[in-house]
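Shown next: query_30.pdb, containing PDB, C-alpha atoms.
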```
MODEL        1
ATOM      1  CA  MET A 887       0.000   0.000   0.000
ATOM      2  CA  SER A 888       1.169   3.467  -0.762
ATOM      3  CA  GLY A 889      -0.082   4.938   2.498
ATOM      4  CA  HIS A 890      -0.746   8.356   0.970
ATOM      5  CA  ASP A 891      -3.959  10.301   1.513
ATOM      6  CA  HIS A 892      -6.979   9.744  -0.649
ATOM      7  CA  PRO A 893      -9.114  12.798  -0.029
ATOM      8  CA  HIS A 894     -11.705  11.590  -2.536
ATOM      9  CA  GLU A 895     -12.703   8.795  -0.165
ATOM     10  CA  GLY A 896     -14.327   9.501   3.146
ATOM     11  CA  PRO A 897     -12.577   8.375   6.302
ATOM     12  CA  GLY A 898     -13.663   5.089   7.756
ATOM     13  CA  ARG A 899     -15.005   3.697   4.489
ATOM     14  CA  THR A 900     -14.048   0.135   3.758
ATOM     15  CA  ALA A 901     -12.330  -0.166   0.429
ATOM     16  CA  SER A 902     -13.746  -2.756  -1.960
ATOM     17  CA  PRO A 903     -11.418  -5.302  -3.561
ATOM     18  CA  TYR A 904     -11.637  -3.228  -6.757
ATOM     19  CA  ALA A 905     -10.586  -0.068  -4.932
ATOM     20  CA  LEU A 906      -7.663  -1.914  -3.369
ATOM     21  CA  ARG A 907      -6.613  -3.224  -6.750
ATOM     22  CA  ILE A 908      -6.791   0.274  -8.246
ATOM     23  CA  ARG A 909      -4.658   1.628  -5.403
ATOM     24  CA  ALA A 910      -2.084  -1.075  -5.984
ATOM     25  CA  ILE A 911      -1.967  -0.234  -9.703
ATOM     26  CA  GLU A 912      -1.783   3.473  -8.872
ATOM     27  CA  SER A 913       1.167   2.895  -6.534
ATOM     28  CA  LEU A 914       2.980   0.912  -9.183
ATOM     29  CA  LEU A 915       2.402   3.569 -11.852
ATOM     30  CA  VAL A 916       3.820   6.226  -9.535
ATOM     31  CA  GLU A 917       6.747   4.042  -8.459
ATOM     32  CA  LYS A 918       7.650   3.317 -12.065
ATOM     33  CA  GLY A 919       7.416   6.996 -12.978
ATOM     34  CA  VAL A 920       4.524   6.596 -15.442
ATOM     35  CA  LEU A 921       2.379   9.046 -13.486
ATOM     36  CA  THR A 922       2.959  11.453 -10.641
ATOM     37  CA  GLU A 923       0.767  11.925  -7.595
ATOM     38  CA  ALA A 924       0.116  15.474  -8.769
ATOM     39  CA  GLU A 925      -1.165  14.271 -12.132
ATOM     40  CA  ILE A 926      -3.510  11.809 -10.467
ATOM     41  CA  GLN A 927      -4.766  14.516  -8.122
ATOM     42  CA  ASP A 928      -5.297  16.902 -11.054
ATOM     43  CA  GLN A 929      -7.350  14.284 -12.839
ATOM     44  CA  ILE A 930      -9.487  13.697  -9.738
ATOM     45  CA  GLU A 931     -10.028  17.455  -9.418
ATOM     46  CA  TYR A 932     -10.954  17.632 -13.096
ATOM     47  CA  MET A 933     -13.545  14.873 -12.748
ATOM     48  CA  TYR A 934     -15.052  16.430  -9.635
ATOM     49  CA  SER A 935     -15.320  19.799 -11.391
ATOM     50  CA  ARG A 936     -17.728  18.195 -13.898
ATOM     51  CA  SER A 937     -21.304  17.536 -12.957
ATOM     52  CA  PRO A 938     -24.806  17.175 -14.392
ATOM     53  CA  ALA A 939     -25.261  20.889 -13.610
ATOM     54  CA  ASN A 940     -23.190  21.562 -16.738
ATOM     55  CA  GLY A 941     -25.655  19.579 -18.828
ATOM     56  CA  ALA A 942     -28.566  21.382 -17.187
ATOM     57  CA  ARG A 943     -27.077  24.763 -18.095
ATOM     58  CA  LEU A 944     -26.632  23.717 -21.723
ATOM     59  CA  VAL A 945     -30.201  22.446 -21.913
ATOM     60  CA  ALA A 946     -31.722  25.521 -20.264
ATOM     61  CA  ARG A 947     -29.820  27.823 -22.616
ATOM     62  CA  ALA A 948     -30.989  25.757 -25.601
ATOM     63  CA  TRP A 949     -34.594  26.068 -24.381
ATOM     64  CA  VAL A 950     -34.477  29.851 -24.226
ATOM     65  CA  ASP A 951     -32.195  30.523 -27.201
ATOM     66  CA  PRO A 952     -33.055  28.751 -30.488
ATOM     67  CA  GLU A 953     -29.776  29.868 -32.071
ATOM     68  CA  PHE A 954     -27.807  28.318 -29.205
ATOM     69  CA  ARG A 955     -29.887  25.150 -29.537
ATOM     70  CA  ARG A 956     -28.882  24.959 -33.188
ATOM     71  CA  ARG A 957     -25.211  25.397 -32.314
ATOM     72  CA  LEU A 958     -25.420  22.838 -29.481
ATOM     73  CA  LEU A 959     -26.780  20.228 -31.886
ATOM     74  CA  ALA A 960     -24.290  21.103 -34.632
ATOM     75  CA  ASP A 961     -21.074  21.452 -32.594
ATOM     76  CA  THR A 962     -21.485  20.457 -28.969
ATOM     77  CA  LYS A 963     -17.908  21.197 -27.862
ATOM     78  CA  ALA A 964     -17.966  24.726 -29.249
ATOM     79  CA  ALA A 965     -21.391  25.438 -27.768
ATOM     80  CA  ALA A 966     -20.291  24.123 -24.367
ATOM     81  CA  LEU A 967     -17.251  26.389 -24.468
ATOM     82  CA  GLU A 968     -19.559  29.383 -24.932
ATOM     83  CA  LEU A 969     -20.844  28.633 -21.411
ATOM     84  CA  GLY A 970     -17.323  28.119 -20.091
ATOM     85  CA  ILE A 971     -17.553  24.310 -20.148
ATOM     86  CA  ASP A 972     -14.323  22.950 -21.570
ATOM     87  CA  ALA A 973     -15.034  19.519 -23.056
ATOM     88  CA  SER A 974     -11.914  19.414 -25.179
ATOM     89  CA  GLY A 975     -10.236  16.074 -25.663
ATOM     90  CA  PRO A 976     -10.052  13.247 -28.154
ATOM     91  CA  VAL A 977     -13.682  12.126 -27.931
ATOM     92  CA  GLU A 978     -16.520  13.742 -29.839
ATOM     93  CA  PHE A 979     -19.843  14.801 -28.380
ATOM     94  CA  VAL A 980     -23.238  14.524 -29.960
ATOM     95  CA  VAL A 981     -26.417  15.908 -28.446
ATOM     96  CA  VAL A 982     -29.569  14.061 -29.468
ATOM     97  CA  GLU A 983     -32.799  15.988 -29.247
ATOM     98  CA  ASN A 984     -36.081  14.704 -27.878
ATOM     99  CA  THR A 985     -39.047  15.791 -29.993
ATOM    100  CA  PRO A 986     -42.780  15.105 -29.936
ATOM    101  CA  GLU A 987     -41.955  12.165 -32.252
ATOM    102  CA  VAL A 988     -38.756  10.689 -30.756
ATOM    103  CA  HIS A 989     -37.483   9.994 -27.253
ATOM    104  CA  ASN A 990     -33.755   9.246 -26.897
ATOM    105  CA  LEU A 991     -31.985   6.986 -24.417
ATOM    106  CA  ILE A 992     -28.223   6.606 -23.895
ATOM    107  CA  VAL A 993     -26.364   3.465 -22.849
ATOM    108  CA  CYS A 994     -22.927   1.950 -23.267
ATOM    109  CA  THR A 995     -23.325  -1.816 -23.488
ATOM    110  CA  LEU A 996     -19.594  -2.535 -23.654
ATOM    111  CA  CYS A 997     -18.430  -0.561 -20.627
ATOM    112  CA  SER A 998     -19.458   2.832 -19.234
ATOM    113  CA  CYS A 999     -18.836   5.428 -21.972
ATOM    114  CA  TYR A1000     -20.447   8.639 -20.780
ATOM    115  CA  PRO A1001     -19.984  12.357 -21.539
ATOM    116  CA  ARG A1002     -17.695  12.724 -18.500
ATOM    117  CA  ALA A1003     -15.978  15.888 -19.750
ATOM    118  CA  ILE A1004     -19.381  17.589 -19.398
ATOM    119  CA  LEU A1005     -21.351  15.597 -16.815
ATOM    120  CA  GLY A1006     -18.634  14.062 -14.655
ATOM    121  CA  ARG A1007     -18.895  10.489 -13.452
ATOM    122  CA  PRO A1008     -21.866   8.353 -14.469
ATOM    123  CA  PRO A1009     -24.251   7.045 -11.815
ATOM    124  CA  ASP A1010     -23.491   3.544 -10.578
ATOM    125  CA  TRP A1011     -26.590   2.064 -12.179
ATOM    126  CA  TYR A1012     -25.411   3.299 -15.587
ATOM    127  CA  LYS A1013     -22.422   0.963 -15.227
ATOM    128  CA  SER A1014     -24.465  -1.987 -13.979
ATOM    129  CA  PHE A1015     -24.746  -5.104 -16.108
ATOM    130  CA  GLU A1016     -28.508  -4.936 -15.716
ATOM    131  CA  TYR A1017     -28.901  -1.444 -17.176
ATOM    132  CA  ARG A1018     -26.386  -2.081 -19.945
ATOM    133  CA  SER A1019     -28.120  -5.234 -21.111
ATOM    134  CA  ARG A1020     -31.724  -4.158 -20.626
ATOM    135  CA  ALA A1021     -31.527  -0.602 -22.027
ATOM    136  CA  VAL A1022     -30.929  -1.923 -25.533
ATOM    137  CA  ARG A1023     -33.282  -4.887 -25.376
ATOM    138  CA  GLU A1024     -36.234  -3.425 -23.458
ATOM    139  CA  PRO A1025     -35.752   0.345 -23.223
ATOM    140  CA  ARG A1026     -39.443   0.998 -22.605
ATOM    141  CA  ALA A1027     -39.519  -1.302 -19.570
ATOM    142  CA  VAL A1028     -36.380   0.368 -18.180
ATOM    143  CA  MET A1029     -37.898   3.840 -18.578
ATOM    144  CA  ARG A1030     -41.115   2.715 -16.877
ATOM    145  CA  GLU A1031     -39.033   1.729 -13.863
ATOM    146  CA  PHE A1032     -37.628   5.270 -13.832
ATOM    147  CA  GLY A1033     -41.185   6.580 -13.927
ATOM    148  CA  HIS A1034     -41.274   7.583 -17.574
ATOM    149  CA  GLU A1035     -43.587   6.260 -20.244
ATOM    150  CA  PRO A1036     -43.323   7.988 -23.637
ATOM    151  CA  PRO A1037     -46.761   9.054 -24.899
ATOM    152  CA  GLU A1038     -48.512   6.956 -27.554
ATOM    153  CA  GLY A1039     -46.934   7.451 -30.962
ATOM    154  CA  VAL A1040     -43.490   8.478 -29.681
ATOM    155  CA  ARG A1041     -40.659   6.390 -31.090
ATOM    156  CA  VAL A1042     -37.807   5.346 -28.822
ATOM    157  CA  ALA A1043     -34.252   5.698 -30.128
ATOM    158  CA  VAL A1044     -31.510   4.005 -28.094
ATOM    159  CA  HIS A1045     -27.915   5.130 -28.588
ATOM    160  CA  ASP A1046     -25.302   2.540 -27.678
ATOM    161  CA  SER A1047     -22.211   4.696 -27.277
ATOM    162  CA  THR A1048     -19.468   2.184 -27.793
ATOM    163  CA  ALA A1049     -16.757   4.031 -29.681
ATOM    164  CA  ASP A1050     -15.347   7.570 -29.895
ATOM    165  CA  VAL A1051     -18.556   9.560 -29.533
ATOM    166  CA  ARG A1052     -20.308  10.457 -26.279
ATOM    167  CA  TYR A1053     -24.008  11.217 -26.269
ATOM    168  CA  MET A1054     -26.205  13.486 -24.200
ATOM    169  CA  VAL A1055     -29.963  13.983 -24.484
ATOM    170  CA  LEU A1056     -31.548  17.380 -25.016
ATOM    171  CA  PRO A1057     -34.931  16.875 -23.341
ATOM    172  CA  MET A1058     -38.035  18.800 -24.308
ATOM    173  CA  ARG A1059     -38.951  21.843 -22.269
ATOM    174  CA  PRO A1060     -41.834  20.877 -19.960
ATOM    175  CA  GLU A1061     -45.165  22.594 -20.318
ATOM    176  CA  GLY A1062     -46.034  25.171 -17.706
ATOM    177  CA  THR A1063     -42.547  26.684 -17.703
ATOM    178  CA  GLU A1064     -43.355  29.810 -19.689
ATOM    179  CA  GLY A1065     -41.803  32.864 -18.142
ATOM    180  CA  MET A1066     -39.305  30.916 -16.075
ATOM    181  CA  SER A1067     -35.739  32.201 -15.999
ATOM    182  CA  GLU A1068     -32.865  30.223 -17.472
ATOM    183  CA  GLU A1069     -31.655  29.407 -13.957
ATOM    184  CA  GLU A1070     -35.059  28.168 -12.868
ATOM    185  CA  LEU A1071     -35.266  26.038 -15.998
ATOM    186  CA  ALA A1072     -31.830  24.537 -15.376
ATOM    187  CA  ALA A1073     -33.005  23.410 -11.947
ATOM    188  CA  LEU A1074     -35.633  21.213 -13.642
ATOM    189  CA  VAL A1075     -33.074  19.312 -15.703
ATOM    190  CA  THR A1076     -32.026  16.135 -13.912
ATOM    191  CA  ARG A1077     -29.068  13.905 -14.617
ATOM    192  CA  ASP A1078     -31.461  11.079 -15.488
ATOM    193  CA  SER A1079     -33.178  13.247 -18.101
ATOM    194  CA  LEU A1080     -29.790  13.912 -19.740
ATOM    195  CA  ILE A1081     -29.333  10.136 -20.064
ATOM    196  CA  GLY A1082     -32.927   9.772 -21.222
ATOM    197  CA  VAL A1083     -34.323   7.328 -18.657
ATOM    198  CA  SER A1084     -36.750  10.061 -17.625
ATOM    199  CA  VAL A1085     -37.803  13.589 -18.551
ATOM    200  CA  PRO A1086     -37.702  16.914 -16.675
ATOM    201  CA  ARG A1087     -40.838  17.433 -14.602
ATOM    202  CA  PRO A1088     -42.755  20.682 -14.736
ATOM    203  CA  PRO A1089     -42.473  22.824 -11.609
ATOM    204  CA  ALA A1090     -44.799  21.783  -8.781
ATOM    205  CA  ARG A1091     -47.112  24.778  -9.115
ATOM    206  CA  ALA A1092     -47.853  23.952 -12.751
ATOM    207  CA  ARG A1093     -48.757  20.301 -12.113
TER     208      ARG A1093
ATOM    209  CA  MET B 824     -13.405   8.834 -50.226
ATOM    210  CA  SER B 825     -15.613   7.641 -47.451
ATOM    211  CA  PRO B 826     -16.858   4.161 -48.396
ATOM    212  CA  PHE B 827     -20.326   4.719 -46.956
ATOM    213  CA  GLU B 828     -22.845   7.517 -47.210
ATOM    214  CA  PRO B 829     -25.838   8.330 -45.061
ATOM    215  CA  GLY B 830     -28.738   6.187 -46.207
ATOM    216  CA  ASP B 831     -26.568   3.248 -47.308
ATOM    217  CA  ARG B 832     -27.681  -0.194 -46.210
ATOM    218  CA  VAL B 833     -24.841  -1.974 -44.423
ATOM    219  CA  ARG B 834     -24.283  -5.308 -42.766
ATOM    220  CA  VAL B 835     -22.146  -5.597 -39.637
ATOM    221  CA  LEU B 836     -19.447  -8.201 -40.081
ATOM    222  CA  ASP B 837     -18.829 -10.890 -37.517
ATOM    223  CA  LEU B 838     -15.054 -10.759 -37.480
ATOM    224  CA  GLY B 839     -14.801 -12.968 -34.413
ATOM    225  CA  LYS B 840     -11.890 -10.841 -33.328
ATOM    226  CA  PRO B 841     -10.889 -11.233 -29.670
ATOM    227  CA  GLY B 842      -9.828  -8.447 -27.320
ATOM    228  CA  HIS B 843     -10.781  -4.785 -27.095
ATOM    229  CA  VAL B 844     -13.295  -4.530 -29.943
ATOM    230  CA  ARG B 845     -16.028  -1.900 -29.942
ATOM    231  CA  THR B 846     -18.655  -3.686 -32.024
ATOM    232  CA  PRO B 847     -21.313  -5.192 -29.736
ATOM    233  CA  ARG B 848     -22.121  -8.808 -30.435
ATOM    234  CA  TYR B 849     -25.844  -8.223 -30.751
ATOM    235  CA  VAL B 850     -25.452  -6.257 -34.004
ATOM    236  CA  ARG B 851     -22.961  -8.582 -35.670
ATOM    237  CA  GLY B 852     -24.488 -10.089 -38.799
ATOM    238  CA  LYS B 853     -27.357  -7.576 -38.639
ATOM    239  CA  THR B 854     -28.316  -5.129 -41.359
ATOM    240  CA  GLY B 855     -28.850  -1.435 -40.706
ATOM    241  CA  ARG B 856     -28.708   1.954 -42.366
ATOM    242  CA  VAL B 857     -25.895   4.501 -42.144
ATOM    243  CA  GLU B 858     -27.310   7.555 -40.426
ATOM    244  CA  ARG B 859     -24.196   9.719 -40.180
ATOM    245  CA  ALA B 860     -20.473   9.586 -40.889
ATOM    246  CA  LEU B 861     -18.810  10.572 -37.614
ATOM    247  CA  GLY B 862     -15.278  11.140 -38.854
ATOM    248  CA  GLU B 863     -12.048   9.176 -38.618
ATOM    249  CA  PHE B 864     -10.528   7.962 -35.377
ATOM    250  CA  ARG B 865      -7.496   6.019 -34.241
ATOM    251  CA  ASN B 866      -8.384   2.335 -34.149
ATOM    252  CA  PRO B 867      -9.207   1.402 -30.532
ATOM    253  CA  GLU B 868      -8.482  -2.264 -31.244
ATOM    254  CA  ASP B 869      -4.844  -1.272 -31.669
ATOM    255  CA  LEU B 870      -4.678   1.620 -29.178
ATOM    256  CA  ALA B 871      -5.788  -0.685 -26.367
ATOM    257  CA  TYR B 872      -2.601  -2.721 -26.745
ATOM    258  CA  GLY B 873      -0.132   0.134 -26.933
ATOM    259  CA  GLY B 874      -0.252   0.629 -30.698
ATOM    260  CA  ASP B 875      -0.624   3.981 -32.442
ATOM    261  CA  GLY B 876      -4.090   3.162 -33.799
ATOM    262  CA  LEU B 877      -3.076   4.129 -37.310
ATOM    263  CA  PRO B 878      -4.364   4.236 -39.958
ATOM    264  CA  ARG B 879      -7.409   6.051 -38.666
ATOM    265  CA  ARG B 880     -10.696   4.307 -39.351
ATOM    266  CA  GLY B 881     -13.966   5.843 -40.445
ATOM    267  CA  LEU B 882     -16.695   5.643 -37.821
ATOM    268  CA  TYR B 883     -20.365   5.445 -38.767
ATOM    269  CA  ARG B 884     -23.512   5.732 -36.762
ATOM    270  CA  VAL B 885     -25.679   2.866 -37.949
ATOM    271  CA  ALA B 886     -29.420   2.680 -37.279
ATOM    272  CA  PHE B 887     -31.126  -0.658 -36.677
ATOM    273  CA  ASP B 888     -34.797  -1.530 -36.401
ATOM    274  CA  GLN B 889     -35.281  -2.809 -32.850
ATOM    275  CA  ARG B 890     -37.719  -5.461 -34.014
ATOM    276  CA  GLU B 891     -35.043  -6.906 -36.276
ATOM    277  CA  LEU B 892     -32.552  -7.105 -33.412
ATOM    278  CA  TRP B 893     -34.637  -8.739 -30.699
ATOM    279  CA  GLU B 894     -37.231 -11.459 -30.894
ATOM    280  CA  GLY B 895     -40.405 -10.379 -29.119
ATOM    281  CA  TYR B 896     -39.298  -6.749 -28.804
ATOM    282  CA  GLU B 897     -41.862  -4.699 -26.878
ATOM    283  CA  GLY B 898     -42.483  -1.529 -28.831
ATOM    284  CA  PRO B 899     -43.754  -0.159 -32.139
ATOM    285  CA  ALA B 900     -42.136  -0.517 -35.545
ATOM    286  CA  GLY B 901     -40.404   2.880 -35.439
ATOM    287  CA  ASP B 902     -38.249   2.074 -32.391
ATOM    288  CA  SER B 903     -34.609   2.103 -33.353
ATOM    289  CA  LEU B 904     -31.150   1.504 -31.993
ATOM    290  CA  TYR B 905     -28.005   3.362 -33.028
ATOM    291  CA  VAL B 906     -24.520   1.935 -32.738
ATOM    292  CA  ASP B 907     -21.242   3.529 -33.820
ATOM    293  CA  VAL B 908     -19.331   1.037 -35.968
ATOM    294  CA  TYR B 909     -15.858   1.344 -37.517
ATOM    295  CA  GLU B 910     -15.676   0.897 -41.275
ATOM    296  CA  HIS B 911     -13.723  -2.350 -41.206
ATOM    297  CA  TRP B 912     -16.674  -3.982 -39.452
ATOM    298  CA  LEU B 913     -19.103  -2.968 -42.220
ATOM    299  CA  GLU B 914     -19.957  -4.157 -45.719
ATOM    300  CA  GLY B 915     -22.537  -2.881 -48.183
ATOM    301  CA  ALA B 916     -25.845  -4.732 -48.026
TER     302      ALA B 916
ENDMDL
END
```
Translate this file's structure into structure tokens.
Amino acid sequence: MSGHDHPHEGPGRTASPYALRIRAIESLLVEKGVLTEAEIQDQIEYMYSRSPANGARLVARAWVDPEFRRRLLADTKAAALELGIDASGPVEFVVVENTPEVHNLIVCTLCSCYPRAILGRPPDWYKSFEYRSRAVREPRAVMREFGHEPPEGVRVAVHDSTADVRYMVLPMRPEGTEGMSEEELAALVTRDSLIGVSVPRPPARAR
Amino acid sequence: MSPFEPGDRVRVLDLGKPGHVRTPRYVRGKTGRVERALGEFRNPEDLAYGGDGLPRRGLYRVAFDQRELWEGYEGPAGDSLYVDVYEHWLEGA
């Protein structure tokens, strides 16, 4: 064991066998000079600086600004940068738009590909074998379990992001949100709605 | 000089290649339609083992009809599934 601090783990938490293995590999990489502790720490900081709030800001801006929506769909990285979200890196990003005709759902059946440079780490269930196998085979049943049932006549499009492109859903703006500010709108956009297992709910007073 | 264009019918090859391949088994041997050319990328099958991933390979988003992929699929005819497939896993259909 390296014995150094791991501030990203709370004190007193028991490390799983996987975590122990990762620490062993980490120690070896540092010992052999492949990585430095500082580089690892920078990467952890980077990942923690990303969160679904970034996705919510992009969506809310797209809802209030049709020109931004167009740019977000055409060139996601450039549009994200306009809001100060730096998603640069080797992978490409594609935003898929929900419409009255199509509802989109994102999965990575082979591992856990996810738009991390925008949204941070995926939820644990996204990486589960169950979600990865069922989202492609029975997406409608999976969405029902998340409380979402697309209306009659809406097609479901599943995106298995297995290669060099990461996908994020642009949900539809809920009804009853007219006159809401961009910030208020962003608060409606959940992580799950950016993956597509559910949709943003209208604010309580409009229900 | 891209070998495939949006709208082309393509079949996913079953190369039976072991290791870090990015083509899910459930679409191998299946026929779909090219929806978009995504550009050229270093080949992950080589990158994963310390290679340089060159030459770059074209990547295509291919659309499949869900009812052609799964027996007893629950959902209407328009439900679809998109997978990104590298060109060397595709042939015209």
Show me which bits of chain A are within 10 Å of chain B, counting all atoms listed in the file, as an mmCIF file with C-alpha atoms, keeping the file's coordinate frame.
```cif
data_model
loop_
_atom_site.group_PDB
_atom_site.id
_atom_site.type_symbol
_atom_site.label_atom_id
_atom_site.label_comp_id
_atom_site.auth_asym_id
_atom_site.auth_seq_id
_atom_site.Cartn_x
_atom_site.Cartn_y
_atom_site.Cartn_z
ATOM 1 C CA PRO A 976 -10.052 13.247 -28.154
ATOM 2 C CA VAL A 977 -13.682 12.126 -27.931
ATOM 3 C CA GLU A 978 -16.520 13.742 -29.839
ATOM 4 C CA VAL A 980 -23.238 14.524 -29.960
ATOM 5 C CA GLU A 987 -41.955 12.165 -32.252
ATOM 6 C CA VAL A 988 -38.756 10.689 -30.756
ATOM 7 C CA HIS A 989 -37.483 9.994 -27.253
ATOM 8 C CA ASN A 990 -33.755 9.246 -26.897
ATOM 9 C CA LEU A 991 -31.985 6.986 -24.417
ATOM 10 C CA ILE A 992 -28.223 6.606 -23.895
ATOM 11 C CA CYS A 994 -22.927 1.950 -23.267
ATOM 12 C CA THR A 995 -23.325 -1.816 -23.488
ATOM 13 C CA LEU A 996 -19.594 -2.535 -23.654
ATOM 14 C CA CYS A 997 -18.430 -0.561 -20.627
ATOM 15 C CA VAL A 1022 -30.929 -1.923 -25.533
ATOM 16 C CA ARG A 1023 -33.282 -4.887 -25.376
ATOM 17 C CA GLU A 1024 -36.234 -3.425 -23.458
ATOM 18 C CA PRO A 1025 -35.752 0.345 -23.223
ATOM 19 C CA ARG A 1026 -39.443 0.998 -22.605
ATOM 20 C CA ALA A 1027 -39.519 -1.302 -19.570
ATOM 21 C CA GLU A 1038 -48.512 6.956 -27.554
ATOM 22 C CA GLY A 1039 -46.934 7.451 -30.962
ATOM 23 C CA VAL A 1040 -43.490 8.478 -29.681
ATOM 24 C CA ARG A 1041 -40.659 6.390 -31.090
ATOM 25 C CA VAL A 1042 -37.807 5.346 -28.822
ATOM 26 C CA ALA A 1043 -34.252 5.698 -30.128
ATOM 27 C CA VAL A 1044 -31.510 4.005 -28.094
ATOM 28 C CA HIS A 1045 -27.915 5.130 -28.588
ATOM 29 C CA ASP A 1046 -25.302 2.540 -27.678
ATOM 30 C CA SER A 1047 -22.211 4.696 -27.277
ATOM 31 C CA THR A 1048 -19.468 2.184 -27.793
ATOM 32 C CA ALA A 1049 -16.757 4.031 -29.681
ATOM 33 C CA ASP A 1050 -15.347 7.570 -29.895
ATOM 34 C CA VAL A 1051 -18.556 9.560 -29.533
#
```
### Task
State, in Å with one decimal place, the distance from CA of Leu1074 in chain A to CA of Arg1087 in chain A.
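That distance, rounded to one decimal, is 6.5 Å.
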### Query
Which value, in Å to one decimal, gives the distance between CA of Glu925 in chain A and CA of Asp875 in chain B?
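Interatomic distance, CA of Glu925 in chain A to CA of Asp875 in chain B: 22.8 Å.
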Take every atom of range 894-904 of chain B listed in the file, fit an axis-aligned box around them, add 4 Å per side, and give the centre and edge lengths in Å to one decimal as lines of an AutoDock Vina configuration file.
```
center_x = -37.5
center_y = -4.3
center_z = -31.2
size_x = 20.6
size_y = 22.3
size_z = 16.7
```
### Message
Just the number, please: distance in Å from CA of Lys840 in chain B to CA of Glu891 in chain B, one decimal.
### Response
23.7 Å
### Protein and nucleic acid residues near (-33.0, 23.3, -33.0) (cut-off 12 Å, all atoms listed in the file) as a VMD selection string
chain A and resid 945 947 to 960 981 to 985 1056 to 1058
### Message
Quick check on the file I pasted: which residues fall under the PyMOL selection byres ((chain A and resi 1086) around 10)? Write them as a list in words.
### Response
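With the PyMOL selection byres ((chain A and resi 1086) around 10) on this model, the match is Pro1057, Met1058, Arg1059, Pro1060, Leu1071, Ala1072, Ala1073, Leu1074, Val1075, Thr1076, Arg1077, Asp1078, Ser1079, Leu1080, Gly1082, Ser1084, Val1085, Arg1087, Pro1088 and Pro1089 of chain A.
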Just to be explicit: take each residue in the selection above, keep C-alpha atoms, and write the result as a PDB file, keeping the file's coordinate frame.
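Everything below was put into selection25.pdb:
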```pdb
ATOM      1  CA  PRO A1057     -34.931  16.875 -23.341  1.00  0.00           C
ATOM      2  CA  MET A1058     -38.035  18.800 -24.308  1.00  0.00           C
ATOM      3  CA  ARG A1059     -38.951  21.843 -22.269  1.00  0.00           C
ATOM      4  CA  PRO A1060     -41.834  20.877 -19.960  1.00  0.00           C
ATOM      5  CA  LEU A1071     -35.266  26.038 -15.998  1.00  0.00           C
ATOM      6  CA  ALA A1072     -31.830  24.537 -15.376  1.00  0.00           C
ATOM      7  CA  ALA A1073     -33.005  23.410 -11.947  1.00  0.00           C
ATOM      8  CA  LEU A1074     -35.633  21.213 -13.642  1.00  0.00           C
ATOM      9  CA  VAL A1075     -33.074  19.312 -15.703  1.00  0.00           C
ATOM     10  CA  THR A1076     -32.026  16.135 -13.912  1.00  0.00           C
ATOM     11  CA  ARG A1077     -29.068  13.905 -14.617  1.00  0.00           C
ATOM     12  CA  ASP A1078     -31.461  11.079 -15.488  1.00  0.00           C
ATOM     13  CA  SER A1079     -33.178  13.247 -18.101  1.00  0.00           C
ATOM     14  CA  LEU A1080     -29.790  13.912 -19.740  1.00  0.00           C
ATOM     15  CA  GLY A1082     -32.927   9.772 -21.222  1.00  0.00           C
ATOM     16  CA  SER A1084     -36.750  10.061 -17.625  1.00  0.00           C
ATOM     17  CA  VAL A1085     -37.803  13.589 -18.551  1.00  0.00           C
ATOM     18  CA  ARG A1087     -40.838  17.433 -14.602  1.00  0.00           C
ATOM     19  CA  PRO A1088     -42.755  20.682 -14.736  1.00  0.00           C
ATOM     20  CA  PRO A1089     -42.473  22.824 -11.609  1.00  0.00           C
TER      21      PRO A1089
END
```
### Message
Need to verify the contact set: Ala916 in chain B, 9 Å, only C-alpha atoms, exclusion of same-chain residues closer than 6 positions in sequence. Can you return it as a list in words?
### Response
Asp831, Arg832, Val833, Arg834, Thr854 and Gly855 of chain B
### Query
Where does the PyMOL selection byres ((chain A and resi 932) around 12) land in this file, that is, which residues does it pick, as an MDAnalysis selection string?
chainID A and resid 925:931 933:937 971:973 1002:1007
Restrict the selected residues to C-alpha atoms and save them as a compact mmCIF listing (two decimals), keeping the file's coordinate frame.
```txt
# COMPACT_ATOMS: atom_id res chain seq x y z
CA GLU A 925 -1.16 14.27 -12.13
CA ILE A 926 -3.51 11.81 -10.47
CA GLN A 927 -4.77 14.52 -8.12
CA ASP A 928 -5.30 16.90 -11.05
CA GLN A 929 -7.35 14.28 -12.84
CA ILE A 930 -9.49 13.70 -9.74
CA GLU A 931 -10.03 17.45 -9.42
CA MET A 933 -13.54 14.87 -12.75
CA TYR A 934 -15.05 16.43 -9.64
CA SER A 935 -15.32 19.80 -11.39
CA ARG A 936 -17.73 18.20 -13.90
CA SER A 937 -21.30 17.54 -12.96
CA ILE A 971 -17.55 24.31 -20.15
CA ASP A 972 -14.32 22.95 -21.57
CA ALA A 973 -15.03 19.52 -23.06
CA ARG A 1002 -17.70 12.72 -18.50
CA ALA A 1003 -15.98 15.89 -19.75
CA ILE A 1004 -19.38 17.59 -19.40
CA LEU A 1005 -21.35 15.60 -16.82
CA GLY A 1006 -18.63 14.06 -14.66
CA ARG A 1007 -18.90 10.49 -13.45
```
### Query
Where does the PyMOL selection byres ((chain B and resi 913) around 6) land in this file, that is, which residues does it pick, as a list in words?
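Selection result, ordered by chain and number: Arg834, Val835, Leu836, Glu910, His911, Trp912 and Glu914 of chain B.
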